[in-house]
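Chemist: Submitted below is the structure of interest, expressed as structure tokens.
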Amino acid sequence: MADTMQFDLVSPERKLASVQAREVRLPGVEGDLTAMPGHAPVILSLRPGILTVVSAEGTADYAVTGGFAEVSGDKVTVLAERGLTKAELTAAVHAEMLAEAKKVADAAHPTVADAAAKMLADMEALGTHINL
């Protein structure tokens, strides 16, 4: 079994990362998941949070607002709704993202109000990673 796997992170705006990774920590809707080489295939929905990639170059953190991840034995591909390097997640950017999430939560139909409230709470928690 290989000790690394291909990791790709893309958002509608750009490709954020493409590296050989030893592990990828994903913020899943149903719980966080750490993928390593040889992981069983899985597709998961992402919640707003920090995605961490560990490679030979070190550790890199990315903020994602949601999306999907496909994990297989030799690769992890993440399609993020919005993705930023942790350094790009400034207080101003977080405030903009939070305002957008509040708008969505306020307009949510009662049948999805709980999911919208959870998404808003996850977005607020994302601010703790930049000490807000």
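Here, A, B, ... name the chains of the structure tokens in the order displayed, residue numbers run from 1 inside each chain, and ligands are numbered from 1 in the same displayed order.
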Which residues, written as a list in words, have at least one atom at most 8 Å from A:Glu70, with only C-alpha atoms counted and residues fewer than 3 positions away on the same chain left out?
Modeler: Pro41, Val42, Ile43, Leu44, Val76, Thr77 and Val78 of chain A
Chemist: Residues as selected, all heavy atoms, written as a JSON list (two decimals), in the first residue's frame, can you do that?
Modeler:
```json
[["chain", "number", "residue", "atom", "x", "y", "z"],
["A", 41, "PRO", "N", -13.73, 3.34, -0.18],
["A", 41, "PRO", "CA", -14.41, 4.37, -0.97],
["A", 41, "PRO", "C", -15.64, 4.93, -0.24],
["A", 41, "PRO", "O", -16.40, 4.18, 0.36],
["A", 41, "PRO", "CB", -14.83, 3.63, -2.24],
["A", 41, "PRO", "CG", -13.94, 2.45, -2.32],
["A", 41, "PRO", "CD", -13.65, 2.07, -0.90],
["A", 42, "VAL", "N", -15.78, 6.25, -0.29],
["A", 42, "VAL", "CA", -16.93, 6.92, 0.33],
["A", 42, "VAL", "C", -17.11, 8.29, -0.33],
["A", 42, "VAL", "O", -16.13, 8.90, -0.78],
["A", 42, "VAL", "CB", -16.74, 7.06, 1.87],
["A", 42, "VAL", "CG1", -15.58, 7.96, 2.21],
["A", 42, "VAL", "CG2", -18.01, 7.54, 2.54],
["A", 43, "ILE", "N", -18.33, 8.72, -0.39],
["A", 43, "ILE", "CA", -18.64, 10.08, -0.83],
["A", 43, "ILE", "C", -19.34, 10.74, 0.34],
["A", 43, "ILE", "O", -20.25, 10.16, 0.93],
["A", 43, "ILE", "CB", -19.55, 10.09, -2.08],
["A", 43, "ILE", "CG1", -18.79, 9.50, -3.26],
["A", 43, "ILE", "CG2", -20.03, 11.51, -2.38],
["A", 43, "ILE", "CD1", -19.60, 9.38, -4.53],
["A", 44, "LEU", "N", -18.90, 11.94, 0.72],
["A", 44, "LEU", "CA", -19.54, 12.60, 1.84],
["A", 44, "LEU", "C", -19.82, 14.06, 1.53],
["A", 44, "LEU", "O", -19.14, 14.69, 0.74],
["A", 44, "LEU", "CB", -18.71, 12.47, 3.12],
["A", 44, "LEU", "CG", -17.36, 13.12, 3.21],
["A", 44, "LEU", "CD1", -17.14, 13.59, 4.64],
["A", 44, "LEU", "CD2", -16.28, 12.13, 2.86],
["A", 76, "VAL", "N", -8.28, 11.58, -2.95],
["A", 76, "VAL", "CA", -9.37, 12.33, -2.35],
["A", 76, "VAL", "C", -9.60, 13.54, -3.24],
["A", 76, "VAL", "O", -8.68, 14.31, -3.50],
["A", 76, "VAL", "CB", -9.04, 12.80, -0.91],
["A", 76, "VAL", "CG1", -10.16, 13.68, -0.36],
["A", 76, "VAL", "CG2", -8.79, 11.61, 0.00],
["A", 77, "THR", "N", -10.83, 13.70, -3.70],
["A", 77, "THR", "CA", -11.19, 14.85, -4.51],
["A", 77, "THR", "C", -12.28, 15.61, -3.78],
["A", 77, "THR", "O", -13.30, 15.03, -3.40],
["A", 77, "THR", "CB", -11.71, 14.41, -5.89],
["A", 77, "THR", "OG1", -10.71, 13.62, -6.53],
["A", 77, "THR", "CG2", -12.04, 15.61, -6.76],
["A", 78, "VAL", "N", -12.06, 16.91, -3.57],
["A", 78, "VAL", "CA", -13.03, 17.76, -2.89],
["A", 78, "VAL", "C", -13.52, 18.82, -3.86],
["A", 78, "VAL", "O", -12.73, 19.54, -4.47],
["A", 78, "VAL", "CB", -12.42, 18.42, -1.64],
["A", 78, "VAL", "CG1", -13.40, 19.41, -1.01],
["A", 78, "VAL", "CG2", -12.01, 17.37, -0.62]]
```
Chemist: Tell me which of A:Ala2, A:Val71, A:Ala21, A:Ala56 sits closest to A:Leu33, counting only C-alpha atoms.
Modeler: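 The shortest atom-to-atom distance to A:Leu33 comes from A:Val71.
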Chemist: Quick one: residues within 8 Å of A:Asp61, only C-alpha atoms, excluding same-chain residues fewer than 6 positions away - as a list in words?
Modeler: Ile50, Leu51, Thr52, Val53, Thr85 and Lys86 of chain A
Chemist: Since we have the selection now, will you write its residues out, keeping N, CA and C atoms, as a short mmCIF file (atom, residue, chain, number, x, y, z; two decimals), in the first residue's frame?
Modeler:
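Result file is selection-v3.cif:
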```cif
data_model
loop_
_atom_site.label_atom_id
_atom_site.label_comp_id
_atom_site.auth_asym_id
_atom_site.auth_seq_id
_atom_site.Cartn_x
_atom_site.Cartn_y
_atom_site.Cartn_z
N ILE A 50 -12.98 23.58 8.65
CA ILE A 50 -11.58 23.57 8.22
C ILE A 50 -11.21 22.18 7.71
N LEU A 51 -10.68 22.12 6.51
CA LEU A 51 -10.19 20.90 5.89
C LEU A 51 -8.66 20.96 6.02
N THR A 52 -8.07 19.89 6.55
CA THR A 52 -6.62 19.87 6.78
C THR A 52 -5.96 18.80 5.94
N VAL A 53 -4.87 19.17 5.29
CA VAL A 53 -4.11 18.24 4.44
C VAL A 53 -2.71 18.10 5.02
N THR A 85 -7.77 29.42 1.39
CA THR A 85 -6.71 29.03 2.31
C THR A 85 -7.05 29.64 3.66
N LYS A 86 -6.54 29.05 4.73
CA LYS A 86 -6.86 29.59 6.05
C LYS A 86 -6.40 31.04 6.16
#
```
Chemist: Which value, in Å to one decimal, gives the distance between atom CA of A:His39 and atom CA of A:Ser11?
Modeler: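 These atoms are spaced 23.4 Å apart.
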Chemist: Could you list, as a compact mmCIF listing (two decimals) with N, CA, C and O atoms, in the first residue's frame, every residue within 7 Å of A:Thr65, counting only C-alpha atoms and ignoring same-chain residues fewer than 4 positions away?
Modeler:
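File written: result16.txt
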```txt
# COMPACT_ATOMS: atom_id res chain seq x y z
N ARG A 47 -19.65 20.09 5.56
CA ARG A 47 -20.25 21.22 6.26
C ARG A 47 -19.22 22.34 6.29
O ARG A 47 -18.04 22.10 6.03
N PRO A 48 -19.63 23.57 6.62
CA PRO A 48 -18.64 24.62 6.77
C PRO A 48 -17.62 24.23 7.85
O PRO A 48 -18.01 23.77 8.93
N GLY A 49 -16.35 24.37 7.53
CA GLY A 49 -15.32 24.01 8.49
C GLY A 49 -13.93 24.07 7.89
O GLY A 49 -13.75 24.53 6.76
N ALA A 80 -15.58 21.97 -3.44
CA ALA A 80 -16.08 22.87 -2.39
C ALA A 80 -17.01 23.91 -2.99
O ALA A 80 -16.76 24.43 -4.08
N GLU A 81 -18.08 24.23 -2.25
CA GLU A 81 -18.96 25.32 -2.67
C GLU A 81 -18.15 26.61 -2.73
O GLU A 81 -18.24 27.37 -3.68
N ARG A 82 -17.37 26.81 -1.69
CA ARG A 82 -16.43 27.93 -1.64
C ARG A 82 -15.24 27.46 -0.82
O ARG A 82 -15.41 26.85 0.22
N GLY A 83 -14.05 27.74 -1.29
CA GLY A 83 -12.85 27.31 -0.59
C GLY A 83 -11.82 28.42 -0.55
O GLY A 83 -11.66 29.16 -1.51
```
Chemist: Suppose you want the space between atom CA of A:Met5 and atom CA of A:Thr59; what is it in Å?
Modeler: 14.7 Å
Chemist: Can you list, as a VMD selection string, all residues belonging to stretch 27-71 of chain A that DSSP tags as strand (DSSP E)?
Modeler: chain A and resid 33 to 35 42 to 46 49 to 55 58 to 64 67 to 71
Chemist: Output the selection as a short mmCIF file (atom, residue, chain, number, x, y, z; two decimals), in the first residue's frame - N, CA and C atoms for each residue.
Modeler:
```
data_model
loop_
_atom_site.label_atom_id
_atom_site.label_comp_id
_atom_site.auth_asym_id
_atom_site.auth_seq_id
_atom_site.Cartn_x
_atom_site.Cartn_y
_atom_site.Cartn_z
N LEU A 33 -14.10 13.22 9.21
CA LEU A 33 -13.49 12.00 8.73
C LEU A 33 -12.05 12.28 8.36
N THR A 34 -11.16 11.37 8.73
CA THR A 34 -9.76 11.45 8.31
C THR A 34 -9.53 10.35 7.28
N ALA A 35 -9.17 10.76 6.07
CA ALA A 35 -8.88 9.81 4.99
C ALA A 35 -7.37 9.63 4.88
N VAL A 42 -15.78 6.25 -0.29
CA VAL A 42 -16.93 6.92 0.33
C VAL A 42 -17.11 8.29 -0.33
N ILE A 43 -18.33 8.72 -0.39
CA ILE A 43 -18.64 10.08 -0.83
C ILE A 43 -19.34 10.74 0.34
N LEU A 44 -18.90 11.94 0.72
CA LEU A 44 -19.54 12.60 1.84
C LEU A 44 -19.82 14.06 1.53
N SER A 45 -20.88 14.55 2.18
CA SER A 45 -21.23 15.96 2.11
C SER A 45 -20.41 16.70 3.15
N LEU A 46 -19.93 17.87 2.77
CA LEU A 46 -19.13 18.68 3.68
C LEU A 46 -19.98 19.77 4.32
N GLY A 49 -16.35 24.37 7.53
CA GLY A 49 -15.32 24.01 8.49
C GLY A 49 -13.93 24.07 7.89
N ILE A 50 -12.98 23.58 8.65
CA ILE A 50 -11.58 23.57 8.22
C ILE A 50 -11.21 22.18 7.71
N LEU A 51 -10.68 22.12 6.51
CA LEU A 51 -10.19 20.90 5.89
C LEU A 51 -8.66 20.96 6.02
N THR A 52 -8.07 19.89 6.55
CA THR A 52 -6.62 19.87 6.78
C THR A 52 -5.96 18.80 5.94
N VAL A 53 -4.87 19.17 5.29
CA VAL A 53 -4.11 18.24 4.44
C VAL A 53 -2.71 18.10 5.02
N VAL A 54 -2.27 16.87 5.24
CA VAL A 54 -0.92 16.60 5.73
C VAL A 54 -0.15 15.95 4.59
N SER A 55 0.96 16.59 4.20
CA SER A 55 1.79 16.08 3.11
C SER A 55 3.26 16.17 3.52
N GLY A 58 4.31 19.52 4.76
CA GLY A 58 3.76 20.01 6.03
C GLY A 58 2.25 19.92 6.04
N THR A 59 1.65 20.74 6.88
CA THR A 59 0.20 20.75 7.05
C THR A 59 -0.37 22.03 6.46
N ALA A 60 -1.45 21.89 5.71
CA ALA A 60 -2.12 23.05 5.12
C ALA A 60 -3.60 22.99 5.50
N ASP A 61 -4.14 24.14 5.91
CA ASP A 61 -5.55 24.24 6.27
C ASP A 61 -6.30 25.08 5.25
N TYR A 62 -7.53 24.64 4.96
CA TYR A 62 -8.40 25.34 4.02
C TYR A 62 -9.78 25.48 4.66
N ALA A 63 -10.41 26.63 4.47
CA ALA A 63 -11.77 26.83 4.93
C ALA A 63 -12.70 26.48 3.77
N VAL A 64 -13.70 25.65 4.05
CA VAL A 64 -14.71 25.31 3.05
C VAL A 64 -16.08 25.63 3.62
N GLY A 67 -19.92 21.40 0.31
CA GLY A 67 -19.53 20.74 -0.92
C GLY A 67 -19.54 19.23 -0.74
N PHE A 68 -18.73 18.56 -1.54
CA PHE A 68 -18.67 17.11 -1.52
C PHE A 68 -17.22 16.64 -1.59
N ALA A 69 -16.96 15.46 -1.02
CA ALA A 69 -15.65 14.85 -1.10
C ALA A 69 -15.84 13.40 -1.55
N GLU A 70 -14.99 12.99 -2.48
CA GLU A 70 -14.96 11.60 -2.91
C GLU A 70 -13.63 11.01 -2.46
N VAL A 71 -13.71 9.96 -1.66
CA VAL A 71 -12.52 9.31 -1.13
C VAL A 71 -12.43 7.92 -1.74
#
```
Chemist: Using only C-alpha atoms, which residue out of A:Arg14, A:Ala117, A:Ser72, A:Gly127 lies closest to A:Met97?
Modeler: A:Gly127
Chemist: Using Å and a single decimal, report how far atom CA of A:Val19 sits from atom CA of A:Phe7.
Modeler: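 Interatomic distance, atom CA of A:Phe7 to atom CA of A:Val19: 5.4 Å.
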Chemist: Return as a PyMOL selection string the full set of residues in chain A whose backbone-based DSSP assignment is alpha helix (DSSP H).
Modeler: chain A and resi 91-106+113-126
Chemist: With only C-alpha atoms as the basis for distance, which of A:Asp106, A:Asp32, A:Glu23, A:Glu100 is at the shortest distance from A:Asp3?
Modeler: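 Using only C-alpha atoms, the shortest distance to A:Asp3 belongs to A:Glu23.
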Chemist: Please determine, counting only C-alpha atoms, which residue among A:Ala125, A:Gly38, A:Ala107, A:Ala87 has the shortest atom-to-atom distance to A:Lys75.
Modeler: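 The closest residue to A:Lys75 is A:Gly38.
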Chemist: Counting only C-alpha atoms, which residue out of A:Leu126, A:Thr90, A:Ala95, A:Asp74 sits closest to A:Arg22?
Modeler: A:Asp74
Chemist: Measuring atom to atom with only C-alpha atoms, identify which of A:Leu16, A:Asp122, A:Ala91, A:Thr128 is nearest to A:Val29.
Modeler: A:Asp122
